[in-house]
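**Q** Structure file final-v4.txt (compact mmCIF, C-alpha atoms) is given on the next line.
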```
# COMPACT_ATOMS: atom_id res chain seq x y z
CA MET A 780 28.14 91.22 -37.11
CA LYS A 781 27.68 87.54 -37.90
CA GLN A 782 25.19 85.64 -35.80
CA PRO A 783 26.49 83.03 -33.32
CA ILE A 784 26.71 79.44 -34.48
CA LYS A 785 23.48 77.83 -33.31
CA ASN A 786 23.28 74.60 -31.35
CA THR A 787 24.15 71.87 -33.77
CA LYS A 788 24.96 68.17 -33.73
CA GLU A 789 27.94 68.84 -35.95
CA LYS A 790 31.29 69.02 -34.20
CA LEU A 791 32.96 72.43 -34.08
CA CYS A 792 36.22 72.89 -35.93
CA VAL A 793 38.46 75.35 -34.07
CA GLU A 794 41.73 76.71 -35.40
CA PHE A 795 44.09 79.13 -33.70
CA TYR A 796 46.93 81.29 -34.91
CA PRO A 797 49.80 81.59 -32.36
CA ILE A 798 50.71 85.27 -32.21
CA SER A 799 51.39 85.81 -28.49
CA ARG A 800 55.02 85.45 -27.45
CA ASN A 801 54.18 85.52 -23.73
CA GLN A 802 51.97 82.45 -23.46
CA ALA A 803 51.29 82.94 -19.74
CA TYR A 804 48.45 85.34 -20.57
CA VAL A 805 46.79 83.01 -23.08
CA SER A 806 47.67 79.66 -21.47
CA GLN A 807 44.15 79.21 -20.11
CA ILE A 808 42.72 79.28 -23.63
CA TYR A 809 45.30 76.79 -24.88
CA ALA A 810 44.50 74.46 -21.97
CA GLY A 811 40.77 74.66 -22.55
CA LEU A 812 41.06 73.98 -26.26
CA TYR A 813 43.28 70.94 -25.80
CA ASP A 814 40.99 69.57 -23.08
CA LEU A 815 37.98 69.95 -25.39
CA GLN A 816 39.89 68.22 -28.18
CA HIS A 817 40.80 65.32 -25.88
CA GLN A 818 37.13 64.97 -24.91
CA GLY A 819 36.19 64.75 -28.59
CA ARG A 820 34.04 67.87 -28.45
CA ILE A 821 36.03 69.87 -31.02
CA GLU A 822 38.53 69.37 -33.82
CA LEU A 823 41.57 71.55 -33.14
CA GLY A 824 44.15 72.81 -35.61
CA ILE A 825 46.67 75.55 -36.27
CA ILE A 826 46.02 78.23 -38.87
CA ARG A 827 48.73 78.81 -41.43
CA SER A 828 47.20 81.94 -42.96
CA PRO A 829 44.49 83.71 -40.91
CA ILE A 830 41.45 85.45 -42.35
CA VAL A 831 42.04 88.43 -40.07
CA ARG A 832 45.37 89.86 -38.96
CA ILE A 833 45.20 91.38 -35.50
CA CYS A 834 47.79 93.01 -33.25
CA GLU A 835 48.23 95.20 -30.18
CA GLU A 836 50.27 97.94 -31.85
CA ASN A 837 47.14 99.85 -32.84
CA GLY A 838 45.64 99.66 -29.32
CA PRO A 839 46.10 102.01 -26.36
CA TYR A 840 48.91 99.96 -24.79
CA ARG A 841 51.01 99.77 -27.99
CA ASN A 842 52.48 96.35 -27.25
CA PRO A 843 54.47 95.23 -30.31
CA ARG A 844 54.74 91.60 -29.18
CA ASN A 845 51.03 90.72 -28.87
CA HIS A 846 51.39 89.39 -25.32
CA HIS A 847 47.71 89.64 -24.46
CA ILE A 848 45.69 88.58 -27.51
CA PHE A 849 44.55 85.24 -28.91
CA TYR A 850 42.97 84.62 -32.32
CA LEU A 851 40.54 81.83 -33.22
CA GLU A 852 38.52 80.77 -36.24
CA VAL A 853 35.46 78.58 -35.59
CA ARG A 854 33.11 76.71 -37.93
CA THR A 855 31.05 73.53 -37.95
CA GLN A 856 32.25 70.40 -39.72
CA GLY A 857 31.60 70.56 -43.43
CA SER A 858 30.85 74.29 -43.36
CA SER A 859 32.81 77.21 -44.76
CA ASP A 860 30.89 79.72 -42.64
CA ILE A 861 33.62 80.88 -40.24
CA ARG A 862 33.45 83.06 -37.13
CA THR A 863 36.58 84.99 -36.13
CA LEU A 864 37.26 85.58 -32.44
CA CYS A 865 39.70 87.84 -30.61
CA TYR A 866 40.49 87.25 -26.94
CA ASP A 867 41.89 90.25 -25.06
CA LEU A 868 43.63 88.98 -21.92
CA HIS A 869 45.11 92.31 -20.84
CA ASP A 870 44.49 92.93 -17.14
CA GLY A 871 43.16 96.40 -17.76
CA PRO A 872 39.74 97.74 -18.75
CA GLY A 873 40.80 99.31 -22.07
CA VAL A 874 40.50 97.62 -25.45
CA CYS A 875 43.88 96.03 -26.15
CA SER A 876 43.58 95.48 -29.90
CA LEU A 877 41.52 97.84 -32.04
CA SER A 878 42.17 95.69 -35.09
CA GLY A 879 40.81 92.69 -33.21
CA LEU A 880 37.71 94.63 -32.23
CA VAL A 881 37.05 96.07 -35.68
CA ASP A 882 37.92 93.08 -37.85
CA CYS A 883 36.85 90.05 -35.78
CA ASP A 884 33.26 88.92 -35.37
CA TYR A 885 33.51 88.66 -31.57
CA TYR A 886 35.79 90.26 -28.98
CA PHE A 887 36.15 88.71 -25.51
CA LYS A 888 37.60 91.09 -22.94
CA ARG A 889 39.30 90.29 -19.65
CA SER A 890 38.66 92.88 -16.88
CA TYR A 891 35.61 93.98 -18.80
CA SER A 892 34.29 97.41 -17.79
CA PRO A 893 31.69 98.83 -20.20
CA ALA A 894 31.69 102.26 -18.59
CA PHE A 895 35.47 102.60 -18.86
CA ILE A 896 35.70 101.26 -22.41
CA PHE A 897 32.92 103.36 -23.84
CA ASP A 898 34.12 106.51 -22.04
CA SER A 899 37.87 106.20 -22.61
CA ASP A 900 37.50 105.06 -26.22
CA SER A 901 34.50 107.28 -26.85
CA THR A 902 35.80 108.52 -30.20
CA VAL A 903 35.95 105.00 -31.62
CA PHE A 904 32.54 103.99 -30.32
CA PHE A 905 30.96 107.31 -31.27
CA LYS A 906 32.01 106.78 -34.87
CA HIS A 907 31.28 103.05 -34.80
CA PRO A 908 28.52 102.34 -32.25
CA GLU A 909 28.00 98.86 -33.73
CA LEU A 910 31.31 97.79 -32.17
CA ARG A 911 29.71 97.82 -28.72
CA LYS A 912 27.75 94.69 -29.64
CA LYS A 913 30.93 92.76 -30.37
CA ILE A 914 32.42 92.94 -26.86
CA TYR A 915 31.75 90.18 -24.31
CA PRO A 916 33.24 89.68 -20.82
CA TYR A 917 35.89 86.96 -20.62
CA GLY A 918 35.85 86.28 -16.88
CA LEU A 919 38.61 85.17 -14.52
CA ASN A 920 41.97 84.40 -16.11
CA HIS A 921 44.84 82.45 -14.55
CA PRO A 922 47.89 80.70 -16.07
CA ILE A 923 47.23 76.98 -16.42
CA LYS A 924 48.30 74.04 -18.57
CA SER A 925 46.56 70.96 -19.88
CA LYS A 926 48.30 67.60 -19.82
CA PHE A 927 46.94 67.04 -23.31
CA GLU A 928 48.70 70.02 -24.88
CA THR A 929 50.82 69.28 -27.93
CA GLN A 930 52.53 71.35 -30.60
CA LYS A 931 53.66 74.00 -28.11
CA PHE A 932 57.15 74.06 -29.62
CA LEU A 933 55.65 74.49 -33.06
CA CYS A 934 53.45 77.35 -31.78
CA SER A 935 56.51 79.07 -30.33
CA LEU A 936 58.36 78.67 -33.62
CA MET A 937 55.48 80.14 -35.64
CA THR A 938 55.21 83.05 -33.22
CA GLU A 939 58.89 83.87 -33.55
CA LEU A 940 58.70 83.67 -37.34
CA ALA A 941 55.66 85.93 -37.41
CA LEU A 942 57.03 88.51 -34.97
CA CYS A 943 60.55 88.55 -36.40
CA PRO A 944 60.46 88.60 -40.21
CA LYS A 945 64.27 88.79 -40.37
CA ASN A 946 64.55 85.50 -38.49
CA ALA A 947 61.90 83.99 -40.73
CA SER A 948 63.92 84.81 -43.83
CA ARG A 949 66.98 83.15 -42.32
CA ILE A 950 65.31 79.80 -41.74
CA ARG A 951 62.84 79.84 -44.61
CA SER A 952 65.12 77.68 -46.70
CA PHE A 953 64.65 73.93 -46.46
CA ASN A 954 68.36 73.25 -46.47
CA SER A 955 69.07 75.64 -43.58
CA ILE A 956 67.06 73.66 -41.03
CA GLY A 957 67.79 70.13 -42.12
CA LYS A 958 65.63 67.22 -43.19
CA GLY A 959 65.12 65.83 -39.69
CA ILE A 960 63.70 69.06 -38.24
CA TYR A 961 61.51 69.59 -41.29
CA LYS A 962 60.09 66.08 -41.01
CA TYR A 963 59.37 66.67 -37.31
CA PHE A 964 57.45 69.90 -37.96
CA TYR A 965 55.49 68.38 -40.82
CA THR A 966 54.52 65.39 -38.68
CA LEU A 967 53.21 67.66 -35.92
CA THR A 968 50.82 69.57 -38.15
CA ASN A 969 49.61 69.70 -41.72
CA GLN A 970 49.24 73.47 -41.45
CA ILE A 971 52.81 74.11 -42.59
CA SER A 972 53.23 74.26 -46.32
CA HIS A 973 55.85 72.00 -47.83
CA ASP A 974 55.40 73.19 -51.39
CA LYS A 975 58.78 73.95 -52.96
CA LYS A 976 60.33 72.82 -49.66
CA THR A 977 59.70 76.13 -47.88
CA PHE A 978 57.71 77.35 -44.93
CA ASP A 979 54.89 79.69 -45.87
CA ILE A 980 53.89 81.43 -42.66
CA GLU A 981 52.10 84.74 -42.94
CA THR A 982 53.06 87.49 -40.49
CA PRO A 983 50.20 88.83 -38.34
CA ILE A 984 51.91 92.13 -37.51
CA CYS A 985 49.74 95.11 -38.44
CA THR A 986 51.05 98.09 -40.33
CA SER A 987 48.20 100.42 -39.51
```
Do you think you could lay out the structure here as structure tokens?
**A**
Amino acid sequence: MKQPIKNTKEKLCVEFYPISRNQAYVSQIYAGLYDLQHQGRIELGIIRSPIVRICEENGPYRNPRNHHIFYLEVRTQGSSDIRTLCYDLHDGPGVCSLSGLVDCDYYFKRSYSPAFIFDSDSTVFFKHPELRKKIYPYGLNHPIKSKFETQKFLCSLMTELALCPKNASRIRSFNSIGKGIYKYFYTLTNQISHDKKTFDIETPICTS
């Protein structure tokens, strides 16, 4: 497991990949990130192609729509040394996303119960005891919004494209969405590719 980023004078660069359709569960994280950005404590962006692809389908609850997970990549300004984070906001003691636990550097768990996790998922932790060190308690979660939030419509669009590949193929063409909408999306974020006048959004859905 990678070591935490030490205290540094460099500003943190934080990027998220919107994969949760039900944003009520992850709204607290969105609000906190946009508040920190407004305070000038972080640089915030949207990931177009994540390092790690996580989902809930390989977890015990088998949720195909990723309602309860949030993915972040964190680094310091000018550095390429990235930490990947998975937030599990499921209101239950079990691990929601095994791919998030295995593939991310850190896993923050709502309703954290070490005894339940290590007993109920004993096979996983017996084979991979190092995973225990990745899990941290998240704490109290409650739906909330920040008045500084932007790009929520864009996040919803990216989520729908990622979760519904058929819909993505229908609107992937530049001509099918119109110049005005394209210009609006591109103005909101530079994370959408405009090469060859197409969107290039990678799906996060796991196949394992």
**Q** Using only C-alpha atoms, pick whichever of A:Pro893, A:Pro797, A:Gly918, A:Gly857 has the shortest atom-to-atom distance to Asp870 of chain A.
**A**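 Nearest to Asp870 of chain A: A:Gly918.
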**Q** Which residues are near Tyr886 of chain A? Cut-off 8 Å, only C-alpha atoms, ignore same chain within fewer than 2 positions. Put them as a list in words.
**A** Leu864, Cys865, Tyr866, Asp867, Gly879, Leu880, Cys883, Asp884, Lys888, Lys913, Ile914 and Tyr915 of chain A
**Q** Find the distance between atom CA of Leu868 of chain A and atom CA of Arg844 of chain A and write it in Å to one decimal.
**A**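 Separating atom CA of Leu868 of chain A from atom CA of Arg844 of chain A is a distance of 13.5 Å.
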**Q** Out of A:Cys934, A:Cys834, A:Ile784, A:Val805, which residue has the shortest atom-to-atom distance to Tyr885 of chain A when counting all atoms listed in the file?
**A** A:Ile784
**Q** Would you mind telling me which residue in A:Arg862, A:Arg911, A:Lys926, A:His921 lies nearest to Ile808 of chain A when using all atoms listed in the file?
**A**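 Closest candidate: A:His921.
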**Q** Segment 846-855 of chain A: which residues within 6 Å, counting all atoms listed in the file, same-chain residues fewer than 6 positions away excluded, as a list of chain:residue names?
**A**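 Non-adjacent residues within range: A:Glu789, A:Lys790, A:Leu791, A:Cys792, A:Val793, A:Glu794, A:Phe795, A:Tyr796, A:Ser799, A:Arg800, A:Asn801, A:Tyr804, A:Ile861, A:Arg862, A:Thr863, A:Leu864, A:Cys865, A:Tyr866, A:Asp867, A:Leu868, A:His869.
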**Q** How far is it from atom CA of Pro922 of chain A to atom CA of Gly811 of chain A, in Å with one decimal?
**A**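 So the answer is 11.4 Å.
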**Q** Interatomic distance between atom CA of Ala810 of chain A and atom CA of Lys912 of chain A?
**A** 27.4 Å
**Q** Write out as a list of chain:residue names each polymer residue whose atoms come within 7 Å of segment 812-819 of chain A, counting all atoms listed in the file; drop sequence neighbours fewer than 5 positions from it.
**A**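 The neighbour list is A:Ser925, A:Phe927, A:Glu928.
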**Q** Using all atoms listed in the file, which residue out of A:Tyr809, A:Tyr891, A:Phe897, A:Phe904 lies closest to Gly871 of chain A?
**A**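 Result for the nearest residue to Gly871 of chain A: A:Tyr891.
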**Q** Which is closer to Gly873 of chain A than all the others in A:Ile923, A:Ile825, A:Ile833, A:Ile896, using all atoms listed in the file?
**A**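 Residue with the minimum atom-to-atom distance to Gly873 of chain A: A:Ile896.
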**Q** Ranking A:Ala803, A:Leu823, A:Val874, A:Val831 by minimum distance to Arg889 of chain A and counting only C-alpha atoms, which one comes first?
**A** A:Val874
**Q** Since fewer atoms than expected are present, regenerate N, CA and C atoms for segment 801-815 of chain A and write them as a short mmCIF file (atom, residue, chain, number, x, y, z; two decimals), in the frame of the given file.
**A**
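File rebuild13.cif, as written:
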```
data_model
loop_
_atom_site.label_atom_id
_atom_site.label_comp_id
_atom_site.auth_asym_id
_atom_site.auth_seq_id
_atom_site.Cartn_x
_atom_site.Cartn_y
_atom_site.Cartn_z
N ASN A 801 54.30 85.83 -25.15
CA ASN A 801 54.18 85.52 -23.73
C ASN A 801 52.94 84.66 -23.52
N GLN A 802 53.12 83.35 -23.49
CA GLN A 802 51.97 82.45 -23.46
C GLN A 802 51.33 82.33 -22.09
N ALA A 803 51.90 82.98 -21.07
CA ALA A 803 51.29 82.94 -19.74
C ALA A 803 49.90 83.57 -19.76
N TYR A 804 49.75 84.66 -20.52
CA TYR A 804 48.45 85.34 -20.57
C TYR A 804 47.39 84.50 -21.26
N VAL A 805 47.77 83.75 -22.27
CA VAL A 805 46.79 83.01 -23.08
C VAL A 805 46.79 81.52 -22.77
N SER A 806 47.53 81.10 -21.76
CA SER A 806 47.67 79.66 -21.47
C SER A 806 46.34 79.01 -21.11
N GLN A 807 45.45 79.77 -20.48
CA GLN A 807 44.15 79.21 -20.11
C GLN A 807 43.34 78.81 -21.34
N ILE A 808 43.45 79.61 -22.41
CA ILE A 808 42.72 79.28 -23.63
C ILE A 808 43.32 78.05 -24.29
N TYR A 809 44.65 77.99 -24.35
CA TYR A 809 45.30 76.79 -24.88
C TYR A 809 44.83 75.55 -24.12
N ALA A 810 44.87 75.62 -22.80
CA ALA A 810 44.50 74.46 -21.97
C ALA A 810 43.06 74.03 -22.23
N GLY A 811 42.16 74.99 -22.30
CA GLY A 811 40.77 74.66 -22.55
C GLY A 811 40.54 74.02 -23.90
N LEU A 812 41.22 74.53 -24.92
CA LEU A 812 41.06 73.98 -26.26
C LEU A 812 41.58 72.55 -26.34
N TYR A 813 42.74 72.29 -25.74
CA TYR A 813 43.28 70.94 -25.80
C TYR A 813 42.47 69.96 -24.96
N ASP A 814 41.88 70.43 -23.86
CA ASP A 814 40.99 69.57 -23.08
C ASP A 814 39.74 69.21 -23.89
N LEU A 815 39.16 70.20 -24.57
CA LEU A 815 37.98 69.95 -25.39
C LEU A 815 38.29 69.00 -26.54
#
```
